[in-house]
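Peer 1: Structure file structure-v8.cif (mmCIF, C-alpha atoms and all ligand atoms) right here:
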data_query
loop_
_atom_site.label_atom_id
_atom_site.label_comp_id
_atom_site.auth_asym_id
_atom_site.auth_seq_id
_atom_site.Cartn_x
_atom_site.Cartn_y
_atom_site.Cartn_z
CA MET Y 297 116.36 95.47 86.12
CA ARG Y 298 113.39 93.08 86.04
CA LYS Y 299 111.63 92.70 82.69
CA GLU Y 300 108.02 92.61 83.87
CA PHE Y 301 106.30 95.26 85.98
CA LEU Y 302 105.58 93.98 89.50
CA PRO Y 303 102.33 95.53 90.80
CA PHE Y 304 102.10 96.40 94.47
CA SER Y 305 99.22 93.92 94.82
CA THR Y 306 97.22 91.48 92.77
CA PRO Y 307 94.57 89.00 93.96
CA ALA Y 308 95.20 85.23 94.04
CA ILE Y 309 92.20 83.88 92.12
CA GLY Y 310 92.24 80.10 91.54
CA ASP Y 311 90.22 77.74 89.38
CA ASP Y 312 87.81 77.04 92.26
CA GLU Y 313 86.85 80.70 92.46
CA ILE Y 314 86.45 80.90 88.67
CA ASN Y 315 84.37 77.70 88.45
CA GLU Y 316 82.12 78.84 91.29
CA VAL Y 317 81.43 82.16 89.56
CA VAL Y 318 80.66 80.31 86.33
CA ASP Y 319 78.35 78.03 88.31
CA SER Y 320 76.48 81.08 89.63
CA LEU Y 321 76.18 82.59 86.19
CA LYS Y 322 74.86 79.34 84.75
CA SER Y 323 72.49 78.74 87.65
CA GLY Y 324 70.46 81.82 86.87
CA TRP Y 325 70.90 83.06 90.46
CA ILE Y 326 73.39 85.91 90.20
CA THR Y 327 72.45 88.33 92.93
CA THR Y 328 72.05 87.78 96.68
CA GLY Y 329 71.18 84.16 97.30
CA PRO Y 330 72.42 80.87 98.74
CA LYS Y 331 76.11 81.55 98.12
CA VAL Y 332 75.97 84.82 100.03
CA LYS Y 333 74.29 82.93 102.89
CA ARG Y 334 77.01 80.26 102.78
CA PHE Y 335 79.80 82.85 102.74
CA GLU Y 336 78.15 84.65 105.69
CA GLU Y 337 77.99 81.39 107.68
CA GLU Y 338 81.55 80.39 106.87
CA PHE Y 339 82.99 83.83 107.59
CA LYS Y 340 81.14 83.97 110.91
CA ALA Y 341 82.54 80.58 111.85
CA TYR Y 342 86.06 81.62 110.79
CA VAL Y 343 86.19 84.79 112.90
CA GLY Y 344 84.01 83.45 115.71
CA SER Y 345 81.17 85.94 115.48
CA PRO Y 346 77.54 85.02 116.17
CA PHE Y 347 76.15 87.50 113.61
CA ALA Y 348 77.44 88.80 110.29
CA VAL Y 349 75.98 90.88 107.47
CA PRO Y 350 77.49 90.55 103.97
CA LEU Y 351 77.58 93.81 102.03
CA SER Y 352 78.77 95.40 98.81
CA SER Y 353 81.79 97.02 100.53
CA ALA Y 354 83.33 97.94 103.85
CA THR Y 355 82.36 101.54 103.12
CA ALA Y 356 78.73 100.39 103.09
CA GLY Y 357 79.43 98.63 106.40
CA LEU Y 358 80.77 101.81 107.99
CA HIS Y 359 77.83 103.80 106.66
CA LEU Y 360 75.15 101.39 107.88
CA THR Y 361 76.84 100.80 111.24
CA LEU Y 362 76.88 104.52 112.00
CA LEU Y 363 73.23 104.82 110.92
CA ALA Y 364 72.22 101.80 112.97
CA LEU Y 365 73.97 103.29 116.01
CA LYS Y 366 71.79 106.41 115.49
CA ILE Y 367 74.66 108.85 115.21
CA GLU Y 368 73.13 112.31 115.38
CA PRO Y 369 74.38 115.64 114.03
CA GLY Y 370 77.19 116.86 116.25
CA ASP Y 371 78.01 113.46 117.73
CA GLU Y 372 81.76 112.97 117.94
CA ILE Y 373 83.50 109.86 116.65
CA ILE Y 374 87.16 109.33 117.50
CA THR Y 375 89.33 107.79 114.80
CA THR Y 376 92.76 107.80 113.19
CA PRO Y 377 93.96 110.10 110.41
CA MET Y 378 96.01 107.23 108.92
CA THR Y 379 93.20 105.50 107.09
CA PHE Y 380 91.35 105.29 103.81
CA ALA Y 381 88.96 108.18 103.20
CA SER Y 382 85.79 106.19 103.76
CA THR Y 383 86.44 105.67 107.50
CA VAL Y 384 86.18 109.41 108.04
CA SER Y 385 83.88 110.31 105.14
CA MET Y 386 81.13 108.03 106.47
CA ILE Y 387 81.25 109.87 109.82
CA ILE Y 388 80.77 113.18 107.97
CA LEU Y 389 77.99 111.80 105.76
CA CYS Y 390 76.10 110.60 108.85
CA GLY Y 391 76.31 114.09 110.36
CA GLY Y 392 78.99 113.13 112.88
CA VAL Y 393 82.13 115.05 113.79
CA PRO Y 394 85.38 113.13 113.26
CA VAL Y 395 87.85 113.65 116.10
CA LEU Y 396 91.29 112.65 114.84
CA VAL Y 397 93.75 111.23 117.36
CA ASP Y 398 97.40 110.88 116.40
CA ILE Y 399 99.04 107.55 115.56
CA GLU Y 400 101.67 105.58 117.39
CA PRO Y 401 104.87 105.93 115.30
CA GLY Y 402 105.97 102.26 115.22
CA THR Y 403 102.75 100.46 114.22
CA LEU Y 404 100.97 103.49 112.73
CA ASN Y 405 97.85 102.44 114.65
CA ILE Y 406 95.85 105.00 116.63
CA ASP Y 407 97.71 105.94 119.83
CA VAL Y 408 95.32 104.50 122.40
CA GLN Y 409 97.04 106.50 125.18
CA LYS Y 410 95.97 109.76 123.51
CA ILE Y 411 92.26 108.92 123.19
CA ARG Y 412 91.09 109.68 126.75
CA GLU Y 413 91.96 113.39 126.53
CA ARG Y 414 89.78 113.72 123.41
CA ILE Y 415 86.63 112.17 124.91
CA THR Y 416 83.82 114.66 125.57
CA PRO Y 417 80.13 114.32 126.52
CA ARG Y 418 79.39 114.27 122.73
CA THR Y 419 81.66 111.28 122.04
CA LYS Y 420 79.61 108.31 120.83
CA ALA Y 421 82.11 105.88 119.35
CA ILE Y 422 85.72 105.07 118.59
CA ILE Y 423 86.75 103.67 115.21
CA PRO Y 424 90.16 102.03 115.53
CA VAL Y 425 91.67 100.89 112.20
CA HIS Y 426 93.85 97.78 112.34
CA PHE Y 427 96.45 99.38 110.14
CA ALA Y 428 98.12 97.10 107.57
CA GLY Y 429 96.56 94.09 109.31
CA GLN Y 430 98.11 94.60 112.74
CA SER Y 431 95.64 94.72 115.61
CA CYS Y 432 95.21 97.88 117.66
CA ASP Y 433 95.61 97.43 121.41
CA MET Y 434 92.02 96.44 122.13
CA ASP Y 435 92.02 95.96 125.95
CA PRO Y 436 92.54 99.65 126.78
CA LEU Y 437 90.03 100.56 124.05
CA PHE Y 438 87.38 98.29 125.57
CA ALA Y 439 88.16 99.75 129.01
CA LEU Y 440 87.54 103.28 127.67
CA ALA Y 441 84.37 102.12 125.92
CA LYS Y 442 83.06 100.71 129.19
CA GLU Y 443 84.03 103.75 131.27
CA PHE Y 444 82.45 106.27 128.87
CA ASN Y 445 79.70 104.09 127.34
CA LEU Y 446 81.09 104.27 123.82
CA ALA Y 447 80.65 101.96 120.85
CA ILE Y 448 83.78 100.41 119.38
CA ILE Y 449 83.56 100.10 115.59
CA GLU Y 450 86.62 98.23 114.38
CA ASP Y 451 87.61 99.19 110.85
CA ALA Y 452 88.88 95.72 110.03
CA ALA Y 453 89.26 96.38 106.29
CA HIS Y 454 92.89 95.17 106.53
CA ALA Y 455 92.30 92.61 109.25
CA ALA Y 456 90.66 89.45 107.92
CA GLY Y 457 92.65 86.78 109.79
CA THR Y 458 94.27 89.22 112.27
CA GLU Y 459 94.29 88.13 115.91
CA TYR Y 460 94.54 90.00 119.20
CA LYS Y 461 95.62 87.98 122.23
CA GLY Y 462 94.72 84.71 120.52
CA GLU Y 463 91.24 85.79 119.34
CA LYS Y 464 90.30 86.74 115.79
CA ILE Y 465 89.32 90.30 114.96
CA GLY Y 466 85.57 90.04 114.42
CA SER Y 467 84.94 88.00 117.55
CA PHE Y 468 84.93 90.81 120.13
CA ASN Y 469 82.11 92.66 121.83
CA SER Y 470 82.18 95.44 119.24
CA ILE Y 471 81.32 95.87 115.57
CA SER Y 472 83.98 94.81 113.06
CA ILE Y 473 83.88 95.76 109.41
CA PHE Y 474 85.89 93.81 106.85
CA SER Y 475 86.69 94.65 103.22
CA PHE Y 476 87.02 92.20 100.35
CA HIS Y 477 88.34 94.70 97.80
CA PRO Y 478 90.82 92.99 95.39
CA ASN Y 479 93.89 94.24 97.31
CA LYS Y 480 92.66 92.91 100.65
CA ASN Y 481 93.65 89.68 102.42
CA ILE Y 482 90.81 87.86 100.65
CA THR Y 483 88.57 89.23 97.93
CA THR Y 484 85.07 88.98 96.52
CA GLY Y 485 85.83 91.50 93.76
CA GLU Y 486 84.22 94.20 95.86
CA GLY Y 487 82.53 93.33 99.13
CA GLY Y 488 82.39 93.75 102.86
CA MET Y 489 81.15 92.08 106.03
CA VAL Y 490 79.96 93.48 109.35
CA CYS Y 491 80.45 91.15 112.34
CA THR Y 492 78.90 91.70 115.73
CA ARG Y 493 77.61 89.91 118.81
CA ASP Y 494 74.59 92.24 118.89
CA GLU Y 495 71.67 90.53 117.15
CA SER Y 496 69.44 93.60 116.97
CA LEU Y 497 72.22 95.70 115.47
CA ALA Y 498 72.88 92.98 112.86
CA GLU Y 499 69.14 92.92 112.09
CA GLU Y 500 69.02 96.72 111.70
CA ILE Y 501 72.07 96.74 109.37
CA SER Y 502 70.54 93.88 107.44
CA LEU Y 503 67.33 95.84 106.91
CA LEU Y 504 69.19 99.00 105.93
CA LYS Y 505 71.35 97.15 103.40
CA PHE Y 506 68.44 96.13 101.15
CA HIS Y 507 65.66 98.70 100.87
CA GLY Y 508 64.48 98.01 104.42
CA MET Y 509 63.14 94.60 103.41
CA SER Y 510 63.08 91.88 106.03
CA ARG Y 511 66.17 89.63 106.37
CA GLU Y 512 65.06 86.72 104.17
CA ALA Y 513 63.53 88.89 101.43
CA TRP Y 514 66.15 87.68 98.93
CA LYS Y 515 64.22 84.38 98.82
CA ARG Y 516 61.11 85.97 97.38
CA PHE Y 517 61.75 84.61 93.87
CA ALA Y 518 62.85 81.16 95.10
CA ALA Y 519 60.57 78.14 95.47
CA THR Y 520 60.60 78.58 99.25
CA GLY Y 521 59.89 82.31 99.21
CA THR Y 522 56.89 84.51 98.64
CA PRO Y 523 56.95 87.35 96.09
CA ASN Y 524 55.27 89.72 98.50
CA TYR Y 525 57.45 91.81 100.77
CA ASP Y 526 57.17 94.60 103.27
CA ILE Y 527 59.37 97.68 103.72
CA MET Y 528 60.21 97.98 107.40
CA LEU Y 529 62.21 101.22 106.99
CA PRO Y 530 63.79 103.26 104.16
CA GLY Y 531 66.99 101.47 103.18
CA PHE Y 532 69.90 101.39 100.76
CA LYS Y 533 71.04 98.89 98.13
CA TYR Y 534 74.27 97.60 99.65
CA ASN Y 535 73.74 93.84 99.29
CA MET Y 536 76.49 91.39 98.25
CA MET Y 537 75.78 89.30 95.13
CA ASP Y 538 76.15 85.53 94.76
CA ILE Y 539 78.78 86.02 92.04
CA GLN Y 540 80.84 87.95 94.64
CA ALA Y 541 80.26 85.39 97.40
CA ALA Y 542 81.21 82.62 94.93
CA ILE Y 543 84.73 84.06 94.95
CA GLY Y 544 84.76 84.54 98.74
CA ILE Y 545 83.68 80.96 99.47
CA HIS Y 546 86.93 79.71 97.92
CA GLN Y 547 89.13 82.55 99.15
CA LEU Y 548 88.26 82.04 102.81
CA PRO Y 549 89.81 78.55 103.20
CA ARG Y 550 92.99 79.98 101.64
CA LEU Y 551 93.21 82.96 104.01
CA ASP Y 552 95.53 81.41 106.62
CA GLY Y 553 97.87 80.24 103.86
CA PHE Y 554 97.80 83.71 102.29
CA ILE Y 555 98.75 85.23 105.64
CA GLU Y 556 101.62 82.76 106.07
CA ARG Y 557 102.99 83.76 102.68
CA ARG Y 558 102.49 87.47 103.37
CA THR Y 559 104.31 87.06 106.69
CA ALA Y 560 107.24 85.26 105.04
CA ILE Y 561 107.64 88.10 102.53
CA ALA Y 562 107.31 90.79 105.24
CA ASP Y 563 109.88 89.01 107.39
CA PHE Y 564 112.21 88.80 104.38
CA TYR Y 565 111.81 92.56 103.78
CA ASN Y 566 112.40 93.27 107.47
CA GLU Y 567 115.64 91.32 107.40
CA ALA Y 568 116.90 92.43 103.99
CA LEU Y 569 116.20 96.12 104.65
CA ALA Y 570 117.21 96.20 108.32
CA ASP Y 571 120.53 97.94 107.65
CA VAL Y 572 119.09 100.63 105.36
CA ALA Y 573 119.26 103.80 107.46
CA GLU Y 574 117.10 105.72 105.00
CA LEU Y 575 114.06 103.52 105.82
CA ALA Y 576 112.03 103.23 109.04
CA LEU Y 577 110.60 99.71 108.80
CA PRO Y 578 107.16 98.72 110.15
CA ARG Y 579 107.35 97.50 113.73
CA TYR Y 580 105.51 94.71 115.52
CA ALA Y 581 103.28 95.85 118.40
CA PRO Y 582 104.58 94.83 121.84
CA TYR Y 583 101.41 92.89 122.79
CA ASP Y 584 100.32 89.41 121.72
CA GLN Y 585 98.78 89.60 118.25
CA LEU Y 586 98.86 87.96 114.83
CA HIS Y 587 99.68 90.42 112.06
CA ALA Y 588 97.86 89.62 108.79
CA TRP Y 589 100.41 91.71 106.84
CA HIS Y 590 97.88 93.24 104.47
CA LEU Y 591 100.45 95.96 103.70
CA TYR Y 592 104.19 96.42 104.10
CA THR Y 593 104.66 100.14 104.71
CA PRO Y 594 108.17 101.46 105.42
CA LEU Y 595 108.68 105.19 105.88
CA VAL Y 596 111.30 106.77 103.62
CA ARG Y 597 113.53 109.15 105.61
CA ILE Y 598 113.32 111.83 102.94
CA GLU Y 599 115.64 114.16 104.87
CA MET Y 600 118.47 111.75 104.01
CA LEU Y 601 117.63 111.72 100.29
CA ALA Y 602 117.59 114.23 97.46
CA ILE Y 603 114.10 113.09 96.39
CA ASP Y 604 110.72 113.07 98.11
CA ARG Y 605 108.44 110.06 98.61
CA ASP Y 606 106.48 110.57 95.38
CA GLN Y 607 109.73 110.77 93.42
CA PHE Y 608 110.93 107.65 95.26
CA MET Y 609 107.83 105.80 94.05
CA ALA Y 610 108.40 107.09 90.50
CA GLU Y 611 112.01 105.86 90.62
CA LEU Y 612 110.82 102.41 91.75
CA LYS Y 613 108.39 102.37 88.85
CA LYS Y 614 111.23 103.07 86.41
CA LEU Y 615 112.79 99.86 87.76
CA ASN Y 616 109.48 98.03 87.12
CA ILE Y 617 108.48 97.89 90.78
CA GLY Y 618 105.00 99.10 91.68
CA SER Y 619 104.17 100.65 95.03
CA GLY Y 620 101.09 101.98 96.78
CA LEU Y 621 100.27 104.93 99.02
CA HIS Y 622 98.46 103.92 102.21
CA TYR Y 623 97.92 106.59 103.22
CA LYS Y 624 98.21 110.28 102.72
CA ALA Y 625 96.69 111.21 106.10
CA ILE Y 626 93.04 112.15 105.80
CA HIS Y 627 93.56 115.74 107.03
CA HIS Y 628 96.02 116.32 104.14
CA HIS Y 629 93.25 115.80 101.57
CA ALA Y 630 91.62 118.88 100.01
CA TRP Y 631 88.15 118.64 101.54
CA TYR Y 632 89.47 117.91 105.02
CA ARG Y 633 92.12 120.65 104.83
CA GLU Y 634 89.34 123.10 104.15
CA ASN Y 635 86.74 121.72 106.53
CA LEU Y 636 88.88 120.57 109.49
CA PRO Y 637 91.43 123.42 109.58
CA GLN Y 638 91.81 123.18 113.35
CA VAL Y 639 93.53 119.81 112.92
CA GLU Y 640 96.63 121.23 111.24
CA GLY Y 641 99.75 120.71 113.32
CA SER Y 642 98.01 118.64 116.00
CA LEU Y 643 98.88 115.23 114.55
CA PRO Y 644 102.68 115.23 114.24
CA ASN Y 645 103.18 111.47 113.91
CA ALA Y 646 100.53 111.18 111.19
CA ASP Y 647 102.05 114.22 109.41
CA TYR Y 648 105.50 112.62 109.56
CA ALA Y 649 104.24 109.28 108.22
CA SER Y 650 102.01 110.84 105.60
CA TYR Y 651 104.95 112.44 103.74
CA ARG Y 652 107.16 109.37 103.98
CA ILE Y 653 105.02 106.24 103.73
CA LEU Y 654 104.76 103.88 100.78
CA SER Y 655 103.53 100.31 100.34
CA LEU Y 656 105.97 97.85 98.80
CA PRO Y 657 104.60 94.90 96.79
CA LEU Y 658 103.08 92.30 99.12
CA PHE Y 659 100.69 89.63 97.92
CA PRO Y 660 100.59 85.84 98.22
CA LYS Y 661 101.40 85.06 94.60
CA MET Y 662 104.74 86.93 94.80
CA THR Y 663 107.79 84.76 94.36
CA ASP Y 664 110.99 84.95 96.42
CA GLU Y 665 112.65 86.37 93.33
CA ASP Y 666 109.99 89.12 93.11
CA ALA Y 667 110.74 90.03 96.74
CA ARG Y 668 114.50 90.09 96.06
CA ASP Y 669 113.85 92.37 93.05
CA VAL Y 670 111.93 94.76 95.31
CA VAL Y 671 114.77 94.92 97.83
CA GLY Y 672 117.30 95.39 95.03
CA ALA Y 673 115.30 98.22 93.49
CA VAL Y 674 114.72 99.97 96.83
CA LYS Y 675 118.44 99.87 97.60
CA GLU Y 676 119.32 101.06 94.09
CA VAL Y 677 117.03 104.10 94.39
CA ILE Y 678 118.48 104.93 97.80
CA VAL Y 679 122.12 104.65 96.69
CA LYS Y 680 121.39 106.79 93.62
CA HIS Y 681 119.63 109.56 95.56
CA ARG Y 682 121.46 109.55 98.89
CA LYS Y 683 122.38 113.08 100.01
C1 LIG E 1 91.13 101.17 106.33
C2 LIG E 1 90.06 101.04 105.30
N1 LIG E 1 88.79 101.27 105.66
C3 LIG E 1 87.78 101.15 104.79
C4 LIG E 1 88.01 100.80 103.48
C5 LIG E 1 86.87 100.70 102.54
O1 LIG E 1 86.75 99.41 102.02
P1 LIG E 1 85.86 99.14 100.72
O2 LIG E 1 86.73 99.44 99.54
O3 LIG E 1 85.53 97.68 100.81
O4 LIG E 1 84.68 100.00 100.80
C6 LIG E 1 89.31 100.54 103.05
C7 LIG E 1 89.58 100.17 101.66
O5 LIG E 1 90.62 100.39 101.10
C8 LIG E 1 90.37 100.66 103.99
O6 LIG E 1 91.63 100.42 103.63
#
Could I get this file's structure written as structure tokens?

Peer 2:
Amino acid sequence: MRKEFLPFSTPAIGDDEINEVVDSLKSGWITTGPKVKRFEEEFKAYVGSPFAVPLSSATAGLHLTLLALKIEPGDEIITTPMTFASTVSMIILCGGVPVLVDIEPGTLNIDVQKIRERITPRTKAIIPVHFAGQSCDMDPLFALAKEFNLAIIEDAAHAAGTEYKGEKIGSFNSISIFSFHPNKNITTGEGGMVCTRDESLAEEISLLKFHGMSREAWKRFAATGTPNYDIMLPGFKYNMMDIQAAIGIHQLPRLDGFIERRTAIADFYNEALADVAELALPRYAPYDQLHAWHLYTPLVRIEMLAIDRDQFMAELKKLNIGSGLHYKAIHHHAWYRENLPQVEGSLPNADYASYRILSLPLFPKMTDEDARDVVGAVKEVIVKHRK
């Protein structure tokens, strides 16, 4: 058994990130300022988006996007149950009605074929989530959006660096929302970015993110700014700080290398675990895409074992291997069980995955030996608890 605990994820922070944060702290400009602007410009250039709005989180991005799209009480938003709570919670908090469509069992992405039958005259938008960093099938989604005049809001929390048919997520005619939480493909501590081709939408989100002050209001204490400001509309406080962007500026050039390393580890897992009947391994989508491998999420075939998924994770922990849970499907959580009772039983693939899924360690700093330890521990737990 390995001596040290291996967490399921840990960020790769280098000296450049640390020195840049120290530089911000020493400069006296800690909050939103020139480094946020630089990170915005560089992120835009990386994904190929004409407009981007840096924020305090992807959750803030989902919230402001739905507000900027003027979602009204009763408006329906189609999304996946296999996501983090905030995708669906933001719909609720904006007065919308989440319409959950089942997932496709191989990729665990929303099953695009099942969306059409759930579109009604109240449907306003679709929120596909690029699960684990693998792109949803965007062409049929854009076709539906065009046919029914719907907005596409890509929850790209897992998808910094992901590509669909040779183009980066963030570059399409939609709204894409990225997360820079410490477990994500790159981090700013906490943080998010909304990318869009729609200038007026970017402007509206930008106003909403900082008290409704005009876009360049952050400059008001700088030599080039003016201390006076105007409130254009009531807004939130969802701005990214310079000490966050300082980290992001040095993470972004490392992103492609991070993805290469993540892919090498995922490919190793796929090969080393291929003959384990008790696991259903994540599958590549059949269309052209570049998987960013944010997560490696096998399903444990619990019917073949004497333990359930939670016990499986506890057994891994005893062997000093951490794991994560992405996700217990949203409709299995207490509030949603009570408030969306009609959903029960209608999402069989999400139900199946929800009881069986776990995230094995996957992060760029992992060594080959770490990955071999994970495989060894997974096999040991299975052999011990096989029925
Ligand atoms: C799919 C998905 N959407 C949204 C979020 C929210 O991101 P943030 O933590 O930056 O608010 C997360 C974060 O885990 C996520 O995984």

Peer 1: Ligand LIG 1 (chain E): which residues are within 8 Å, counting all atoms listed in the file, as a VMD selection string?

Peer 2: chain Y and resid 352 to 358 379 to 383 425 to 427 451 to 454 474 to 477 479 to 480 486 to 488 622

Peer 1: Go through Y:Lys322, Y:Lys613, Y:Lys680, Y:Lys331 and flag the residue nearest Ile543 of chain Y, using only C-alpha atoms for the distances.

Peer 2: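 Smallest distance to Ile543 of chain Y is found for Y:Lys331.
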
Peer 1: Which one is closest to Lys410 of chain Y: Y:Pro436, Y:Gly370, Y:Pro578, Y:Pro478? Count all atoms listed in the file.

Peer 2: Y:Pro436

Peer 1: So that I can see what lies close to Met537 of chain Y, please list as a ChimeraX atom specification the residues with an atom at most 7 Å from it, counting all atoms listed in the file and leaving out residues fewer than 4 positions away in the same chain.

Peer 2: /Y:326-328,332,541

Peer 1: What is the distance between atom CA of Ile374 of chain Y and atom CA of Ile422 of chain Y, in Å to one decimal?

Peer 2: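 Atom CA of Ile422 of chain Y lies 4.6 Å from atom CA of Ile374 of chain Y.
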